[in-house]
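Structure file my_file-v4.txt (compact mmCIF, C-alpha atoms (C1' of nucleotides)) follows.
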```
# COMPACT_ATOMS: atom_id res chain seq x y z
CA MET A 1 2.00 7.87 -73.15
CA ASN A 2 3.94 7.08 -76.32
CA VAL A 3 5.06 3.44 -76.37
CA LYS A 4 8.70 4.36 -77.07
CA LYS A 5 8.69 7.01 -74.38
CA LYS A 6 7.25 4.52 -71.91
CA SER A 7 9.88 1.95 -72.86
CA ILE A 8 12.65 4.46 -72.14
CA LEU A 9 11.06 5.39 -68.82
CA ASP A 10 10.75 1.76 -67.73
CA ALA A 11 14.31 0.88 -68.69
CA ALA A 12 15.64 3.97 -66.94
CA THR A 13 13.62 3.22 -63.82
CA ALA A 14 15.03 -0.30 -63.59
CA LEU A 15 18.62 0.79 -64.19
CA PHE A 16 18.54 3.81 -61.89
CA SER A 17 16.82 1.82 -59.16
CA ARG A 18 19.53 -0.79 -59.12
CA ASN A 19 22.71 1.12 -59.98
CA GLY A 20 21.99 4.69 -58.96
CA TYR A 21 21.83 7.76 -61.15
CA HIS A 22 25.43 8.75 -61.86
CA ALA A 23 26.54 5.18 -62.53
CA VAL A 24 24.04 4.69 -65.36
CA GLY A 25 24.84 6.18 -68.77
CA VAL A 26 22.40 7.26 -71.43
CA ASP A 27 23.84 4.65 -73.79
CA SER A 28 22.86 1.79 -71.50
CA ILE A 29 19.32 3.15 -71.17
CA VAL A 30 19.08 3.47 -74.93
CA ALA A 31 20.35 -0.10 -75.35
CA LYS A 32 17.96 -1.56 -72.76
CA SER A 33 14.92 0.23 -74.15
CA ASN A 34 15.65 -0.75 -77.78
CA VAL A 35 15.38 2.80 -78.99
CA ALA A 36 17.54 5.03 -81.14
CA LYS A 37 19.54 7.67 -79.36
CA MET A 38 17.81 10.47 -81.21
CA THR A 39 14.45 9.10 -80.15
CA PHE A 40 15.65 9.22 -76.57
CA TYR A 41 16.70 12.86 -76.81
CA LYS A 42 13.47 13.76 -78.55
CA HIS A 43 11.38 12.55 -75.62
CA TYR A 44 13.83 13.48 -72.88
CA PRO A 45 16.00 16.49 -73.75
CA SER A 46 18.56 15.69 -71.03
CA LYS A 47 19.50 12.99 -68.57
CA GLU A 48 18.50 15.24 -65.69
CA PHE A 49 15.05 15.70 -67.19
CA LEU A 50 14.74 11.94 -67.54
CA ILE A 51 15.63 11.43 -63.89
CA GLU A 52 12.97 13.95 -62.90
CA SER A 53 10.43 12.14 -65.08
CA VAL A 54 11.38 8.77 -63.60
CA LEU A 55 10.97 10.06 -60.05
CA PHE A 56 7.69 11.79 -60.86
CA GLN A 57 6.26 8.59 -62.34
CA ARG A 58 7.60 6.52 -59.45
CA ASP A 59 5.87 8.84 -57.02
CA GLN A 60 2.57 8.43 -58.86
CA ASP A 61 2.90 4.65 -58.99
CA LEU A 62 3.77 4.35 -55.31
CA ARG A 63 0.84 6.52 -54.26
CA ASP A 64 -1.53 4.39 -56.30
CA SER A 65 -0.09 1.11 -55.05
CA ILE A 66 -0.01 2.07 -51.38
CA CYS A 67 -3.48 3.59 -51.50
CA ALA A 68 -4.82 0.40 -53.07
CA ALA A 69 -3.29 -1.65 -50.25
CA ILE A 70 -4.77 0.66 -47.63
CA ASP A 71 -8.21 0.62 -49.15
CA LYS A 72 -8.47 -3.13 -48.65
CA ARG A 73 -8.54 -2.70 -44.85
CA ARG A 74 -11.25 -1.12 -42.71
CA THR A 75 -9.90 0.26 -39.42
CA PRO A 76 -7.22 2.96 -39.23
CA LYS A 77 -4.73 0.72 -37.41
CA THR A 78 -5.07 -2.14 -39.87
CA LYS A 79 -4.57 0.43 -42.61
CA VAL A 80 -1.27 1.47 -41.03
CA LYS A 81 -0.40 -2.21 -40.71
CA ALA A 82 -1.17 -2.55 -44.43
CA ILE A 83 1.61 -0.05 -45.16
CA PHE A 84 4.10 -2.21 -43.25
CA ASP A 85 2.84 -5.27 -45.12
CA TRP A 86 3.28 -3.39 -48.39
CA TYR A 87 6.87 -2.55 -47.49
CA GLU A 88 7.59 -6.16 -46.50
CA GLU A 89 6.38 -7.38 -49.87
CA TRP A 90 8.41 -4.68 -51.62
CA PHE A 91 11.60 -5.70 -49.77
CA ALA A 92 11.10 -9.30 -50.89
CA ALA A 93 10.90 -8.40 -54.58
CA PRO A 94 13.95 -9.53 -56.58
CA ASP A 95 14.36 -6.05 -58.08
CA PHE A 96 14.32 -4.26 -54.73
CA HIS A 97 17.40 -2.07 -54.33
CA GLY A 98 16.25 0.60 -51.92
CA CYS A 99 14.16 3.73 -52.25
CA MET A 100 14.74 5.77 -55.41
CA PHE A 101 14.02 9.03 -53.59
CA ILE A 102 16.51 8.34 -50.81
CA LYS A 103 19.04 7.32 -53.45
CA ALA A 104 18.40 10.54 -55.36
CA THR A 105 18.84 12.63 -52.22
CA GLU A 106 22.14 10.88 -51.49
CA GLU A 107 23.45 11.45 -55.01
CA PHE A 108 22.29 15.03 -55.57
CA PRO A 109 23.38 17.16 -52.60
CA ASP A 110 22.67 20.61 -54.05
CA ILE A 111 19.59 22.05 -52.40
CA GLY A 112 16.89 23.53 -54.58
CA VAL A 113 17.37 20.95 -57.34
CA LYS A 114 14.11 19.63 -58.79
CA ILE A 115 15.25 16.03 -58.26
CA ARG A 116 15.41 16.68 -54.51
CA GLU A 117 12.14 18.55 -54.54
CA ILE A 118 10.27 15.62 -56.10
CA SER A 119 11.85 13.29 -53.54
CA GLN A 120 10.85 15.55 -50.69
CA ASN A 121 7.30 15.80 -51.98
CA HIS A 122 6.97 12.04 -51.98
CA LYS A 123 8.02 11.84 -48.33
CA ILE A 124 5.74 14.75 -47.44
CA TRP A 125 2.83 12.92 -49.05
CA MET A 126 3.66 9.74 -47.12
CA GLU A 127 3.79 11.70 -43.90
CA GLY A 128 0.46 13.40 -44.53
CA MET A 129 -1.21 10.18 -45.54
CA ILE A 130 -0.06 8.40 -42.38
CA SER A 131 -1.00 11.38 -40.26
CA ASP A 132 -4.54 11.32 -41.66
CA LEU A 133 -4.87 7.62 -40.86
CA LEU A 134 -3.71 8.18 -37.27
CA LYS A 135 -6.03 11.14 -36.86
CA GLU A 136 -8.91 8.98 -38.01
CA GLY A 137 -7.82 6.50 -35.36
CA ASP A 138 -8.07 9.20 -32.69
CA ILE A 139 -4.35 9.52 -32.12
CA LYS A 140 -3.87 12.86 -30.41
CA SER A 141 -0.30 13.52 -31.56
CA HIS A 142 -0.95 12.13 -35.04
CA THR A 143 1.34 14.63 -36.75
CA GLU A 144 4.39 13.76 -34.68
CA MET A 145 3.67 10.05 -34.68
CA ALA A 146 3.39 10.10 -38.48
CA ILE A 147 6.86 11.61 -38.65
CA HIS A 148 8.17 8.84 -36.43
CA ILE A 149 6.49 6.09 -38.45
CA LEU A 150 7.94 7.48 -41.67
CA ILE A 151 11.37 7.52 -40.00
CA VAL A 152 10.88 3.86 -39.10
CA LEU A 153 9.76 2.97 -42.64
CA ASP A 154 12.76 4.72 -44.21
CA GLY A 155 15.08 3.09 -41.68
CA LEU A 156 13.57 -0.27 -42.59
CA THR A 157 14.10 0.43 -46.28
CA VAL A 158 17.76 1.29 -45.80
CA ARG A 159 18.35 -1.71 -43.58
CA SER A 160 16.58 -4.11 -45.92
CA ASN A 161 18.73 -2.89 -48.78
CA MET A 162 21.84 -3.56 -46.71
CA PHE A 163 20.73 -6.89 -45.18
CA LYS A 164 18.23 -8.22 -47.65
CA SER A 165 17.75 -11.65 -46.07
CA GLU A 166 16.78 -10.11 -42.74
CA ALA A 167 14.16 -7.74 -44.14
CA LYS A 168 11.16 -9.81 -43.06
CA ASN A 169 12.38 -10.10 -39.49
CA ALA A 170 13.14 -6.38 -39.29
CA VAL A 171 9.63 -5.47 -40.45
CA ARG A 172 8.14 -7.83 -37.84
CA ILE A 173 10.18 -6.23 -35.05
CA ALA A 174 9.49 -2.66 -36.18
CA TRP A 175 5.77 -3.23 -36.51
CA ARG A 176 5.55 -4.74 -33.01
CA TYR A 177 7.04 -1.59 -31.50
CA VAL A 178 4.96 0.70 -33.71
CA ASN A 179 1.86 -1.26 -32.77
CA ASN A 180 2.64 -0.80 -29.07
CA MET A 181 3.24 2.89 -29.69
CA ILE A 182 -0.16 3.31 -31.32
CA ASP A 183 -1.93 1.40 -28.54
CA ALA A 184 -0.17 3.44 -25.85
CA ASP A 185 -1.55 6.70 -27.26
CA HIS A 186 -5.21 5.85 -26.82
CA MET B 1 50.11 7.45 -41.40
CA ASN B 2 52.06 9.28 -44.09
CA VAL B 3 51.06 12.96 -44.21
CA LYS B 4 50.36 12.85 -47.96
CA LYS B 5 48.37 9.66 -47.61
CA LYS B 6 46.33 11.23 -44.82
CA SER B 7 45.74 14.34 -46.92
CA ILE B 8 44.36 12.21 -49.73
CA LEU B 9 42.14 10.26 -47.34
CA ASP B 10 40.71 13.43 -45.79
CA ALA B 11 40.01 15.07 -49.14
CA ALA B 12 38.38 11.90 -50.45
CA THR B 13 36.25 11.56 -47.32
CA ALA B 14 34.92 15.10 -47.67
CA LEU B 15 34.20 14.77 -51.39
CA PHE B 16 32.62 11.31 -51.21
CA SER B 17 30.55 12.29 -48.20
CA ARG B 18 29.00 15.22 -50.00
CA ASN B 19 28.81 14.09 -53.63
CA GLY B 20 28.74 10.32 -53.47
CA TYR B 21 31.27 7.87 -54.86
CA HIS B 22 30.64 7.65 -58.60
CA ALA B 23 30.22 11.40 -59.00
CA VAL B 24 33.70 12.17 -57.63
CA GLY B 25 36.68 11.65 -59.91
CA VAL B 26 40.24 10.90 -58.92
CA ASP B 27 41.37 14.20 -60.44
CA SER B 28 39.24 16.24 -58.07
CA ILE B 29 40.56 14.30 -55.09
CA VAL B 30 44.12 14.86 -56.30
CA ALA B 31 43.42 18.58 -56.72
CA LYS B 32 41.81 18.99 -53.29
CA SER B 33 44.57 17.13 -51.49
CA ASN B 34 47.41 19.05 -53.24
CA VAL B 35 49.15 15.89 -54.31
CA ALA B 36 50.55 14.60 -57.58
CA LYS B 37 48.51 11.97 -59.37
CA MET B 38 51.35 9.44 -59.17
CA THR B 39 51.56 9.98 -55.43
CA PHE B 40 47.88 9.20 -55.22
CA TYR B 41 48.24 5.93 -57.12
CA LYS B 42 51.28 5.00 -55.07
CA HIS B 43 49.31 5.10 -51.83
CA TYR B 44 45.98 3.92 -53.26
CA PRO B 45 46.37 1.58 -56.25
CA SER B 46 42.77 2.11 -57.37
CA LYS B 47 39.74 4.26 -56.68
CA GLU B 48 37.90 1.26 -55.28
CA PHE B 49 40.72 0.62 -52.81
CA LEU B 50 40.56 4.27 -51.77
CA ILE B 51 36.81 4.02 -51.13
CA GLU B 52 37.40 0.96 -48.98
CA SER B 53 40.10 2.79 -47.04
CA VAL B 54 37.86 5.83 -46.55
CA LEU B 55 35.01 3.69 -45.22
CA PHE B 56 37.33 1.70 -42.96
CA GLN B 57 38.74 4.91 -41.44
CA ARG B 58 35.27 6.42 -41.12
CA ASP B 59 34.14 3.32 -39.23
CA GLN B 60 37.06 3.64 -36.82
CA ASP B 61 36.45 7.35 -36.26
CA LEU B 62 32.74 6.90 -35.65
CA ARG B 63 33.29 4.10 -33.14
CA ASP B 64 35.76 6.26 -31.22
CA SER B 65 33.55 9.34 -31.31
CA ILE B 66 30.35 7.56 -30.28
CA CYS B 67 32.09 5.58 -27.55
CA ALA B 68 33.54 8.80 -26.16
CA ALA B 69 30.06 10.33 -26.04
CA ILE B 70 28.63 7.27 -24.30
CA ASP B 71 31.40 7.11 -21.72
CA LYS B 72 30.44 10.56 -20.43
CA ARG B 73 27.12 9.22 -19.12
CA ARG B 74 26.51 6.77 -16.29
CA THR B 75 23.23 4.90 -16.63
CA PRO B 76 22.39 2.67 -19.62
CA LYS B 77 19.40 4.78 -20.67
CA THR B 78 21.31 8.06 -20.58
CA LYS B 79 23.99 6.33 -22.63
CA VAL B 80 21.40 5.49 -25.27
CA LYS B 81 20.19 9.08 -25.07
CA ALA B 82 23.80 10.15 -25.64
CA ILE B 83 23.72 8.39 -29.00
CA PHE B 84 20.66 10.38 -30.05
CA ASP B 85 22.39 13.57 -28.86
CA TRP B 86 25.46 12.60 -30.86
CA TYR B 87 23.34 12.16 -33.98
CA GLU B 88 21.57 15.49 -33.42
CA GLU B 89 24.91 17.27 -33.26
CA TRP B 90 26.10 15.42 -36.36
CA PHE B 91 22.98 16.46 -38.33
CA ALA B 92 23.63 20.10 -37.43
CA ALA B 93 27.18 20.06 -38.79
CA PRO B 94 27.59 22.10 -42.00
CA ASP B 95 29.33 19.20 -43.72
CA PHE B 96 26.59 16.68 -42.92
CA HIS B 97 25.36 14.98 -46.06
CA GLY B 98 24.06 11.66 -44.81
CA CYS B 99 25.68 8.39 -43.79
CA MET B 100 28.63 7.29 -45.93
CA PHE B 101 27.77 3.62 -45.41
CA ILE B 102 24.17 4.02 -46.49
CA LYS B 103 25.38 6.02 -49.49
CA ALA B 104 27.87 3.29 -50.35
CA THR B 105 25.19 0.62 -50.13
CA GLU B 106 22.92 2.63 -52.41
CA GLU B 107 25.66 3.13 -55.01
CA PHE B 108 27.20 -0.36 -55.01
CA PRO B 109 24.43 -2.93 -55.43
CA ASP B 110 26.56 -6.00 -56.14
CA ILE B 111 26.54 -8.26 -53.13
CA GLY B 112 29.84 -9.60 -51.84
CA VAL B 113 31.72 -6.40 -52.63
CA LYS B 114 34.11 -5.29 -49.89
CA ILE B 115 32.62 -1.79 -49.86
CA ARG B 116 29.28 -3.27 -48.81
CA GLU B 117 30.92 -5.58 -46.31
CA ILE B 118 32.61 -2.69 -44.49
CA SER B 119 29.31 -0.81 -44.43
CA GLN B 120 27.47 -3.82 -43.05
CA ASN B 121 30.11 -4.32 -40.37
CA HIS B 122 29.65 -0.76 -39.18
CA LYS B 123 25.91 -1.27 -38.76
CA ILE B 124 26.47 -4.63 -37.06
CA TRP B 125 28.81 -2.95 -34.58
CA MET B 126 26.24 -0.22 -33.87
CA GLU B 127 23.57 -2.85 -33.32
CA GLY B 128 25.74 -4.86 -30.93
CA MET B 129 26.83 -1.78 -29.03
CA ILE B 130 23.23 -0.65 -28.52
CA SER B 131 22.16 -4.18 -27.61
CA ASP B 132 24.84 -4.33 -24.91
CA LEU B 133 23.67 -1.03 -23.44
CA LEU B 134 20.05 -2.23 -23.32
CA LYS B 135 21.07 -5.54 -21.79
CA GLU B 136 22.92 -3.66 -19.09
CA GLY B 137 19.70 -1.74 -18.52
CA ASP B 138 17.80 -5.01 -17.98
CA ILE B 139 15.86 -4.83 -21.20
CA LYS B 140 14.65 -8.37 -21.83
CA SER B 141 14.36 -8.16 -25.61
CA HIS B 142 17.53 -6.11 -25.95
CA THR B 143 18.55 -7.74 -29.24
CA GLU B 144 15.33 -6.90 -31.03
CA MET B 145 15.04 -3.47 -29.48
CA ALA B 146 18.58 -2.65 -30.62
CA ILE B 147 17.58 -3.51 -34.18
CA HIS B 148 14.62 -1.18 -33.89
CA ILE B 149 16.68 1.66 -32.46
CA LEU B 150 19.22 1.34 -35.26
CA ILE B 151 16.35 1.44 -37.75
CA VAL B 152 15.16 4.66 -36.13
CA LEU B 153 18.66 6.16 -36.17
CA ASP B 154 19.15 5.33 -39.86
CA GLY B 155 15.69 6.65 -40.65
CA LEU B 156 16.57 9.86 -38.83
CA THR B 157 19.80 10.15 -40.80
CA VAL B 158 18.04 9.78 -44.12
CA ARG B 159 15.31 12.24 -43.16
CA SER B 160 17.76 14.81 -41.81
CA ASN B 161 19.68 14.65 -45.08
CA MET B 162 16.45 15.29 -46.98
CA PHE B 163 14.99 17.94 -44.65
CA LYS B 164 18.02 19.41 -42.94
CA SER B 165 16.23 22.25 -41.15
CA GLU B 166 13.87 19.82 -39.42
CA ALA B 167 16.54 17.47 -38.13
CA LYS B 168 16.45 18.72 -34.56
CA ASN B 169 12.69 18.35 -34.30
CA ALA B 170 12.80 14.85 -35.81
CA VAL B 171 15.40 13.71 -33.26
CA ARG B 172 13.28 15.11 -30.42
CA ILE B 173 10.20 13.24 -31.64
CA ALA B 174 12.04 9.98 -32.26
CA TRP B 175 13.75 10.02 -28.89
CA ARG B 176 10.46 10.60 -27.09
CA TYR B 177 8.98 7.45 -28.64
CA VAL B 178 12.17 5.46 -28.10
CA ASN B 179 12.26 6.63 -24.48
CA ASN B 180 8.69 5.42 -23.97
CA MET B 181 9.58 2.13 -25.62
CA ILE B 182 12.49 1.57 -23.25
CA ASP B 183 10.39 2.46 -20.18
CA ALA B 184 7.59 0.15 -21.28
CA ASP B 185 9.91 -2.85 -21.31
CA HIS B 186 10.86 -2.70 -17.65
C1' DA C 1 77.84 16.47 -49.09
C1' DT C 2 75.86 12.95 -51.54
C1' DA C 3 72.88 9.30 -52.75
C1' DA C 4 68.38 7.30 -52.33
C1' DA C 5 63.58 7.98 -51.92
C1' DA C 6 59.58 10.51 -52.42
C1' DA C 7 56.75 13.83 -54.74
C1' DC C 8 56.49 16.92 -58.35
C1' DA C 9 54.06 18.51 -63.16
C1' DT C 10 52.36 17.13 -67.23
C1' DA C 11 51.33 14.50 -71.04
C1' DC C 12 49.23 10.42 -72.53
C1' DA C 13 46.23 5.98 -73.44
C1' DG C 14 41.99 4.01 -73.94
C1' DA C 15 37.43 3.97 -72.46
C1' DT C 16 33.17 6.22 -71.53
C1' DC C 17 30.42 10.31 -70.65
C1' DA C 18 26.33 13.49 -72.49
C1' DG C 19 24.69 15.16 -76.42
C1' DT C 20 24.61 16.12 -81.82
C1' DC C 21 24.45 15.12 -86.73
C1' DT C 22 23.62 12.59 -91.01
C1' DG C 23 21.23 9.90 -93.88
C1' DT C 24 17.92 6.02 -94.36
C1' DA C 25 13.85 3.27 -93.53
C1' DT C 26 9.24 2.62 -91.99
C1' DG C 27 4.36 3.51 -91.23
C1' DC C 28 0.33 6.41 -91.76
C1' DC C 29 -2.96 9.29 -94.01
C1' DA C 30 -4.82 11.79 -97.79
C1' DT D 1 0.78 6.83 -104.96
C1' DG D 2 2.86 10.85 -102.76
C1' DG D 3 4.03 13.44 -98.67
C1' DC D 4 5.24 13.64 -93.95
C1' DA D 5 6.29 12.47 -89.31
C1' DT D 6 8.64 9.19 -86.62
C1' DA D 7 12.22 6.11 -85.64
C1' DC D 8 16.15 3.88 -87.19
C1' DA D 9 21.63 2.91 -87.05
C1' DG D 10 25.77 4.65 -86.21
C1' DA D 11 29.42 7.95 -86.61
C1' DC D 12 31.06 11.98 -84.31
C1' DT D 13 32.39 15.95 -80.77
C1' DG D 14 34.48 17.52 -76.85
C1' DA D 15 34.82 16.58 -72.25
C1' DT D 16 35.87 13.50 -68.52
C1' DC D 17 36.90 8.97 -66.63
C1' DT D 18 40.67 5.68 -64.48
C1' DG D 19 45.14 4.62 -64.65
C1' DT D 20 50.18 4.96 -66.67
C1' DA D 21 54.55 6.96 -68.40
C1' DT D 22 58.28 10.35 -68.28
C1' DG D 23 61.48 13.24 -66.61
C1' DT D 24 62.46 16.81 -62.94
C1' DT D 25 62.60 18.66 -58.35
C1' DT D 26 62.41 18.29 -53.50
C1' DT D 27 63.03 15.96 -49.30
C1' DT D 28 65.37 12.81 -46.33
C1' DA D 29 69.01 9.94 -44.40
C1' DT D 30 73.59 8.53 -44.08
```
If you took the structure in this file and wrote it as structure tokens, what would it be?
Amino acid sequence: MNVKKKSILDAATALFSRNGYHAVGVDSIVAKSNVAKMTFYKHYPSKEFLIESVLFQRDQDLRDSICAAIDKRRTPKTKVKAIFDWYEEWFAAPDFHGCMFIKATEEFPDIGVKIREISQNHKIWMEGMISDLLKEGDIKSHTEMAIHILIVLDGLTVRSNMFKSEAKNAVRIAWRYVNNMIDADH
Amino acid sequence: MNVKKKSILDAATALFSRNGYHAVGVDSIVAKSNVAKMTFYKHYPSKEFLIESVLFQRDQDLRDSICAAIDKRRTPKTKVKAIFDWYEEWFAAPDFHGCMFIKATEEFPDIGVKIREISQNHKIWMEGMISDLLKEGDIKSHTEMAIHILIVLDGLTVRSNMFKSEAKNAVRIAWRYVNNMIDADH
DNA sequence: ATAAAAACATACAGATCAGTCTGTATGCCA
DNA sequence: TGGCATACAGACTGATCTGTATGTTTTTAT
């Protein structure tokens, strides 16, 4: 990708992630990315298109990062545990301000909007990926359990954004119950 | 409360709940509540103060509503189940667009802001209320389990906002696992 | 009935919003 | 060296933002 275009995308990702989508103006993105305004509008014809691009890229990055974390473990259950570890590390990052897809869904209520669709697709991918892991671990109701685990992960994300200092403890508690749940299904 | 003031509060609650806080302007609140702009600023000296008032009132209303639902049941576990039922009914409402406190936390990242504080207090109350119910039901680790249940409830809320048509199914799945978790602790 | 209080409509200030336009400078390639 | 694409800075448009000012009408209480 063009170096200027990438610079805009990175600046927008950081600003949107922290402040939300409506609260961030194009001018501040232009300023942060050290780019002329016309250059911005050449690469991204509208703010909405930029938001879609940011979410699309974020989805790609998260898939890569989570898959890399999973691939380091061998058994299905330790792979699921790796996801919780990944989230714990994410929560501890200084630039953590919640999930960009949840934020997008909260800020754009109109159904059928592409911004929501991209967000939904990310969650659907997460759900399928977890379901596959559970299936590999011989969990009978892997589909439903994957839904529940994703609910727990999103609940953890919201809570860690609200009570940042307690994120580590919350992940520990949640994983203990999820671990018991997995064991009880065998 | 003054009838005009209440009208403003109700209109603001509906608009903020659906569209978020930054996306809603004072003019649209004034229009929806059929009030003059000066009347608005007499009762609420700033938009930020209005948001705080909306969240404070919402907290009060939710506590009353959830407590009323709990009081209809007798045993501790059916009381916890009543909370899940309450959420399921909430998700099915046509004006459901997610949790106003989660939305506020996503849109106002600066720590120490009163808007965040009110949101945190609501979640702390929920946690304590659930913990008390579990303690009454002789759950040993009632404090930690309450945290986990609140995580599940917030995860359900986020998911139901994203996939509205699947809310009922998600609540059913989540309650089944929570029910097992409670039984396993005895 | 009359005076005080509240709410009215509307215009305005100053800032910021998304997006456009102009004209200039820089780098690359032939 | 000449031609061209890209990016530059910054002014500008029209709309919208929060909040204020002004003068009139309606409600309320004595």
Check your understanding: What lies within 9 Å of DG19 in chain C using only C-alpha atoms (C1' of nucleotides), ignoring chain neighbours under 2 positions off, as an MDAnalysis selection string?
Key -> (chainID A and resid 41 46) or (chainID D and resid 13)
Review point. List as a ChimeraX atom specification: which residues have an atom within 12 Å of (20.2, 1.6, -20.9), counting only C-alpha atoms (C1' of nucleotides)?
Key: /B:70,73-83,129-140,142,145-146,178-179,181-183,185-186
Practice item. Within 6 Å of chain A, which residues of chain B are there when counting all atoms listed in the file? Please give them as a list of chain:residue names. Key: B:Gly20, B:Glu107, B:His148, B:Ile151, B:Val152, B:Asp154, B:Gly155, B:Leu156, B:Ala174
Can you check which parts of chain C lie within 8 Å of chain B? Per residue, the shortest pair of atoms and distance in Å to one decimal, counting all atoms listed in the file, sorted by chain and number, as CSV.
```
residue,atom,partner,partner_atom,distance
C:DA7,C1',B:Thr39,CA,6.5
C:DC8,C1',B:Ala36,CA,6.4
C:DA9,C1',B:Ala36,CA,7.7
```
Point to revise | Counting all atoms listed in the file, the option among D:DC12, D:DA29, D:DC17, D:DA5 closest to chain B | key: D:DC17
Practice item. Using C1' of DG14 in chain C and C1' of DG14 in chain D as the two end points, give the distance in Å to one decimal. Key: 15.7 Å
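For chain D, the residues having at least one atom no farther than 9 Å from chain A, when counting all atoms listed in the file, are D:DT6, D:DA7, D:DC8, D:DA9.
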**Study point:** Distance of CA of Leu62 in chain B from CA of Met1 in chain B, expressed in Å to one decimal place
**Key:** 18.3 Å
Please write out, as AutoDock Vina command-line options, where the centre of an axis-aligned box around all listed atoms of range 162-176 of chain A lies and how long its edges are, in Å to one decimal, after adding 6 Å on each side.
```
--center_x 13.7 --center_y -7.2 --center_z -40.3 --size_x 28.3 --size_y 21.0 --size_z 26.6
```
Exercise for review: Can you work out the spacing between CA of Leu9 in chain B and CA of Lys114 in chain B in Å, to one decimal?
Suggested key: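 Computed distance, CA of Leu9 in chain B to CA of Lys114 in chain B, equals 17.7 Å.
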Practice item. Name all residues at most 12 Å from Gln60 in chain A (count only C-alpha atoms (C1' of nucleotides); drop same-chain ones fewer than 4 positions away) and give them as a list in words. Key: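 Residues meeting the cut-off are Ser53, Val54, Leu55, Phe56, Asp64, Ser65, Ile66, Cys67, Ile118, Ser119, Asn121, His122, Trp125 and Met126 of chain A.
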Would you save the residues from that selection as a compact mmCIF listing (two decimals), keeping the file's coordinate frame, using C-alpha atoms?
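Ended up saving to selection-v2.txt:
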```txt
# COMPACT_ATOMS: atom_id res chain seq x y z
CA SER A 53 10.43 12.14 -65.08
CA VAL A 54 11.38 8.77 -63.60
CA LEU A 55 10.97 10.06 -60.05
CA PHE A 56 7.69 11.79 -60.86
CA ASP A 64 -1.53 4.39 -56.30
CA SER A 65 -0.09 1.11 -55.05
CA ILE A 66 -0.01 2.07 -51.38
CA CYS A 67 -3.48 3.59 -51.50
CA ILE A 118 10.27 15.62 -56.10
CA SER A 119 11.85 13.29 -53.54
CA ASN A 121 7.30 15.80 -51.98
CA HIS A 122 6.97 12.04 -51.98
CA TRP A 125 2.83 12.92 -49.05
CA MET A 126 3.66 9.74 -47.12
```
Practice item. Give as a ChimeraX atom specification every residue, naming chains and numbers as the document does, that has an atom within 12 Å of (44.4, 4.1, -75.3), counting only C-alpha atoms (C1' of nucleotides). Key: /C:12-15 /D:18-20
Write out, as a compact mmCIF listing (two decimals), in the coordinates of the input, the residues just selected, with C-alpha atoms (C1' of nucleotides).
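Wrote it out as selection.txt, contents follow:
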```txt
# COMPACT_ATOMS: atom_id res chain seq x y z
C1' DC C 12 49.23 10.42 -72.53
C1' DA C 13 46.23 5.98 -73.44
C1' DG C 14 41.99 4.01 -73.94
C1' DA C 15 37.43 3.97 -72.46
C1' DT D 18 40.67 5.68 -64.48
C1' DG D 19 45.14 4.62 -64.65
C1' DT D 20 50.18 4.96 -66.67
```
